[in-house]
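**Q** input.cif is the file, holding mmCIF, C-alpha atoms:
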```cif
data_model
#
loop_
_atom_site.label_atom_id
_atom_site.label_comp_id
_atom_site.auth_asym_id
_atom_site.auth_seq_id
_atom_site.Cartn_x
_atom_site.Cartn_y
_atom_site.Cartn_z
CA MET Z 1 -37.66 25.42 -45.70
CA LEU Z 2 -38.27 28.40 -43.43
CA ASN Z 3 -39.37 31.57 -45.23
CA ASN Z 4 -37.27 34.44 -43.92
CA ASN Z 5 -38.96 37.30 -45.80
CA ASP Z 6 -38.77 40.51 -43.81
CA LYS Z 7 -42.14 41.62 -45.11
CA ASN Z 8 -45.09 40.02 -43.38
CA LEU Z 9 -47.99 39.81 -45.84
CA MET Z 10 -50.59 38.81 -43.27
CA SER Z 11 -53.95 40.54 -43.36
CA SER Z 12 -55.72 41.08 -40.11
CA ILE Z 13 -59.24 41.40 -38.81
CA ASP Z 14 -60.07 44.51 -36.84
CA PHE Z 15 -61.73 42.70 -33.96
CA ASN Z 16 -62.39 46.01 -32.19
CA ASN Z 17 -64.62 47.18 -35.07
CA LEU Z 18 -66.15 43.72 -35.40
CA ARG Z 19 -66.97 43.74 -31.68
CA LYS Z 20 -68.50 47.24 -32.01
CA LEU Z 21 -70.66 46.07 -34.92
CA VAL Z 22 -71.86 42.98 -33.05
CA ASN Z 23 -72.52 45.07 -29.92
CA ASP Z 24 -74.55 47.54 -32.01
CA PHE Z 25 -76.59 44.64 -33.46
CA ILE Z 26 -77.12 43.28 -29.93
CA ARG Z 27 -78.46 46.67 -28.81
CA LEU Z 28 -80.62 46.96 -31.93
CA LYS Z 29 -82.07 43.50 -31.27
CA GLU Z 30 -82.41 44.32 -27.54
CA ILE Z 31 -80.62 41.16 -26.42
CA LYS Z 32 -80.05 41.36 -22.68
CA ASP Z 33 -78.69 37.88 -21.93
CA LEU Z 34 -75.23 37.67 -23.49
CA ASP Z 35 -74.95 34.10 -22.18
CA SER Z 36 -77.55 33.15 -24.80
CA LEU Z 37 -74.98 33.98 -27.51
CA ASP Z 38 -72.11 31.76 -28.68
CA ALA Z 39 -69.20 34.24 -28.67
CA ASP Z 40 -67.52 35.14 -25.40
CA TYR Z 41 -68.15 38.82 -24.67
CA SER Z 42 -66.18 38.87 -21.41
CA PHE Z 43 -62.74 39.65 -22.87
CA ASP Z 44 -60.94 41.75 -25.47
CA TRP Z 45 -61.33 39.97 -28.82
CA GLN Z 46 -58.45 41.83 -30.50
CA GLU Z 47 -55.94 41.02 -27.78
CA ASP Z 48 -57.05 37.38 -27.67
CA ALA Z 49 -56.89 37.00 -31.48
CA ASN Z 50 -53.45 38.65 -31.61
CA GLU Z 51 -52.16 36.21 -28.99
CA MET Z 52 -53.59 33.21 -30.86
CA ILE Z 53 -52.16 34.39 -34.19
CA ASP Z 54 -48.75 35.06 -32.61
CA ASP Z 55 -48.80 31.56 -31.10
CA ILE Z 56 -49.79 30.06 -34.46
CA ASN Z 57 -46.93 31.86 -36.21
CA ASN Z 58 -44.45 30.78 -33.53
CA TYR Z 59 -45.51 27.12 -33.72
CA VAL Z 60 -45.21 27.17 -37.52
CA ARG Z 61 -41.71 28.70 -37.37
CA GLN Z 62 -40.61 26.24 -34.68
CA ALA Z 63 -42.04 23.24 -36.58
CA LEU Z 64 -40.31 24.31 -39.81
CA THR Z 65 -37.00 24.70 -37.99
CA ALA Z 66 -37.47 21.34 -36.29
CA LEU Z 67 -38.12 19.65 -39.64
CA GLU Z 68 -35.03 21.27 -41.15
CA ASN Z 69 -33.05 19.88 -38.20
CA GLU Z 70 -34.81 16.51 -38.49
CA ASP Z 71 -36.03 16.85 -34.90
CA PHE Z 72 -39.28 15.00 -35.45
CA SER Z 73 -40.30 14.99 -31.79
CA GLN Z 74 -40.12 18.79 -31.72
CA ALA Z 75 -41.88 19.02 -35.09
CA LEU Z 76 -44.72 16.83 -33.83
CA TYR Z 77 -44.99 18.77 -30.57
CA ASN Z 78 -45.21 22.08 -32.46
CA SER Z 79 -47.65 20.62 -34.97
CA VAL Z 80 -50.00 19.42 -32.22
CA SER Z 81 -49.73 22.79 -30.44
CA LEU Z 82 -50.42 24.50 -33.77
CA ARG Z 83 -53.54 22.42 -34.31
CA ILE Z 84 -54.84 23.32 -30.85
CA GLN Z 85 -54.25 27.07 -31.42
CA VAL Z 86 -55.81 27.01 -34.90
CA GLN Z 87 -58.85 25.23 -33.42
CA ALA Z 88 -59.12 27.86 -30.67
CA LEU Z 89 -59.10 30.65 -33.29
CA SER Z 90 -61.62 28.70 -35.35
CA ASN Z 91 -63.91 28.33 -32.32
CA THR Z 92 -63.72 32.08 -31.65
CA LEU Z 93 -64.69 32.85 -35.25
CA ALA Z 94 -67.42 30.17 -35.22
CA GLY Z 95 -68.98 31.77 -32.13
CA ILE Z 96 -69.00 35.18 -33.79
CA THR Z 97 -70.44 33.65 -36.99
CA ASN Z 98 -73.23 31.90 -35.07
CA ASP Z 99 -74.09 35.15 -33.29
CA LEU Z 100 -74.22 37.06 -36.58
CA ILE Z 101 -76.58 34.42 -37.98
CA LEU Z 102 -78.80 34.83 -34.92
CA LEU Z 103 -78.64 38.64 -35.13
CA HIS Z 104 -79.73 38.54 -38.79
CA ARG Z 105 -83.00 36.81 -37.91
CA ASP Z 106 -86.21 38.80 -37.62
CA ASP Z 107 -87.84 38.86 -34.20
CA GLU Z 108 -90.30 40.95 -32.16
CA ASN Z 109 -87.62 43.56 -31.41
CA HIS Z 110 -86.39 44.15 -34.95
CA THR Z 111 -87.39 43.14 -38.48
CA TRP Z 112 -84.79 43.52 -41.19
CA PRO Z 113 -85.86 44.98 -44.56
CA ILE Z 114 -85.97 42.77 -47.62
CA ILE Z 115 -82.97 43.54 -49.82
CA PRO Z 116 -84.19 44.18 -53.39
CA GLU Z 117 -82.58 42.05 -56.09
CA ASP Z 118 -81.32 45.18 -57.89
CA TYR Z 119 -79.86 46.74 -54.71
CA LEU Z 120 -76.46 48.35 -55.23
CA LEU Z 121 -74.15 49.15 -52.36
CA PRO Z 122 -73.55 52.88 -51.89
CA LYS Z 123 -70.10 53.95 -53.01
#
```
Turn this file's structure into structure tokens for me.

**A**
Amino acid sequence: MLNNNDKNLMSSIDFNNLRKLVNDFIRLKEIKDLDSLDADYSFDWQEDANEMIDDINNYVRQALTALENEDFSQALYNSVSLRIQVQALSNTLAGITNDLILLHRDDENHTWPIIPEDYLLPK
């Protein structure tokens, strides 16, 4: 059954801030060749993520409606399209994750401090 709640309880990632953080790490690590990284730095991450999430939500709504109407061809079509969009979002996040792993490694340009076991985050 389609959920028609007016209130959308979806959290979101601020990809603009995430991109700024990654860019700051890239500068700190003095990485010049962005092609050596996994994430695509040639486009606006926030806009791209918003489009993917909107598509995901639309495919879910359309598939639920199709199932309610017992239109299984439409439900399958939307489900396959949903899978493709979810995979695209997953690939975007995987690229960012891989780059963060790389940026956390010590190298000749920057060595990270050792975090003490009793370290407390500032409040």

**Q** Determine, counting all atoms listed in the file, which protein, DNA and RNA residues have an atom within 12 Å of an atom of Lys20 in chain Z; residues of the same chain fewer than 5 positions away are not included. Present the result as a PDB file with C-alpha atoms, in the coordinates of the input.

**A**
```
ATOM      1  CA  ASP Z  14     -60.070  44.510 -36.840  1.00  0.00           C
ATOM      2  CA  PHE Z  15     -61.730  42.700 -33.960  1.00  0.00           C
ATOM      3  CA  PHE Z  25     -76.590  44.640 -33.460  1.00  0.00           C
ATOM      4  CA  ILE Z  26     -77.120  43.280 -29.930  1.00  0.00           C
ATOM      5  CA  ARG Z  27     -78.460  46.670 -28.810  1.00  0.00           C
ATOM      6  CA  TYR Z  41     -68.150  38.820 -24.670  1.00  0.00           C
ATOM      7  CA  ASP Z  44     -60.940  41.750 -25.470  1.00  0.00           C
ATOM      8  CA  TRP Z  45     -61.330  39.970 -28.820  1.00  0.00           C
ATOM      9  CA  GLN Z  46     -58.450  41.830 -30.500  1.00  0.00           C
TER      10      GLN Z  46
END
```

**Q** Name all residues at most 9 Å from range 107-122 of chain Z (count all atoms listed in the file; drop same-chain ones fewer than 5 positions away) and give them as number ranges by chain.

**A** Z: 28-31

**Q** As an exercise, work out the distance from CA of Asp99 in chain Z to CA of Ile84 in chain Z in Å and give it to one decimal place.

**A**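 Between CA of Asp99 in chain Z and CA of Ile84 in chain Z the gap is 22.7 Å.
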
**Q** What is the distance, in Å and to one decimal place, between CA of Val22 in chain Z and CA of Leu82 in chain Z?

**A** 28.3 Å

**Q** So that I can see what lies close to Ala75 in chain Z, please list as number ranges by chain the residues with an atom at most 12 Å from it, counting all atoms listed in the file and leaving out residues fewer than 3 positions away in the same chain.

**A** Z: 59-72, 78-82

**Q** Please, what distance in Å, to one decimal, runs between CA of Leu21 in chain Z and CA of Leu100 in chain Z?

**A**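 Answer for the CA of Leu21 in chain Z to CA of Leu100 in chain Z separation: 9.8 Å.
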
**Q** When distances are computed from only C-alpha atoms, which of Z:Ile13, Z:Ala39, Z:Met52, Z:Ala88 shows the smallest separation from Leu102 in chain Z?

**A**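 Nearest to Leu102 in chain Z: Z:Ala39.
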
**Q** Which residues come within 10 Å of Thr92 in chain Z, counting only C-alpha atoms, excluding same-chain residues fewer than 5 positions away, as an mmCIF file with C-alpha atoms, keeping the file's coordinate frame?

**A**
```
data_model
loop_
_atom_site.group_PDB
_atom_site.id
_atom_site.type_symbol
_atom_site.label_atom_id
_atom_site.label_comp_id
_atom_site.auth_asym_id
_atom_site.auth_seq_id
_atom_site.Cartn_x
_atom_site.Cartn_y
_atom_site.Cartn_z
ATOM 1 C CA ASP Z 38 -72.110 31.760 -28.680
ATOM 2 C CA ALA Z 39 -69.200 34.240 -28.670
ATOM 3 C CA ASP Z 40 -67.520 35.140 -25.400
ATOM 4 C CA TRP Z 45 -61.330 39.970 -28.820
ATOM 5 C CA ASP Z 48 -57.050 37.380 -27.670
ATOM 6 C CA ALA Z 49 -56.890 37.000 -31.480
ATOM 7 C CA VAL Z 86 -55.810 27.010 -34.900
ATOM 8 C CA GLN Z 87 -58.850 25.230 -33.420
ATOM 9 C CA THR Z 97 -70.440 33.650 -36.990
#
```

**Q** Return as JSON the box centre and box size in Å, one decimal, for an axis-aligned box around all listed atoms of range 58-67 of chain Z padded by 6 Å per side.

**A**
```
{"center_x": -41.3, "center_y": 25.2, "center_z": -36.7, "size_x": 20.5, "size_y": 23.1, "size_z": 18.3}
```

**Q** Rank nothing, just name the residue among Z:Asp24, Z:Leu89, Z:Leu37, Z:Arg19 nearest to Ile53 in chain Z, using all atoms listed in the file.

**A** Z:Leu89
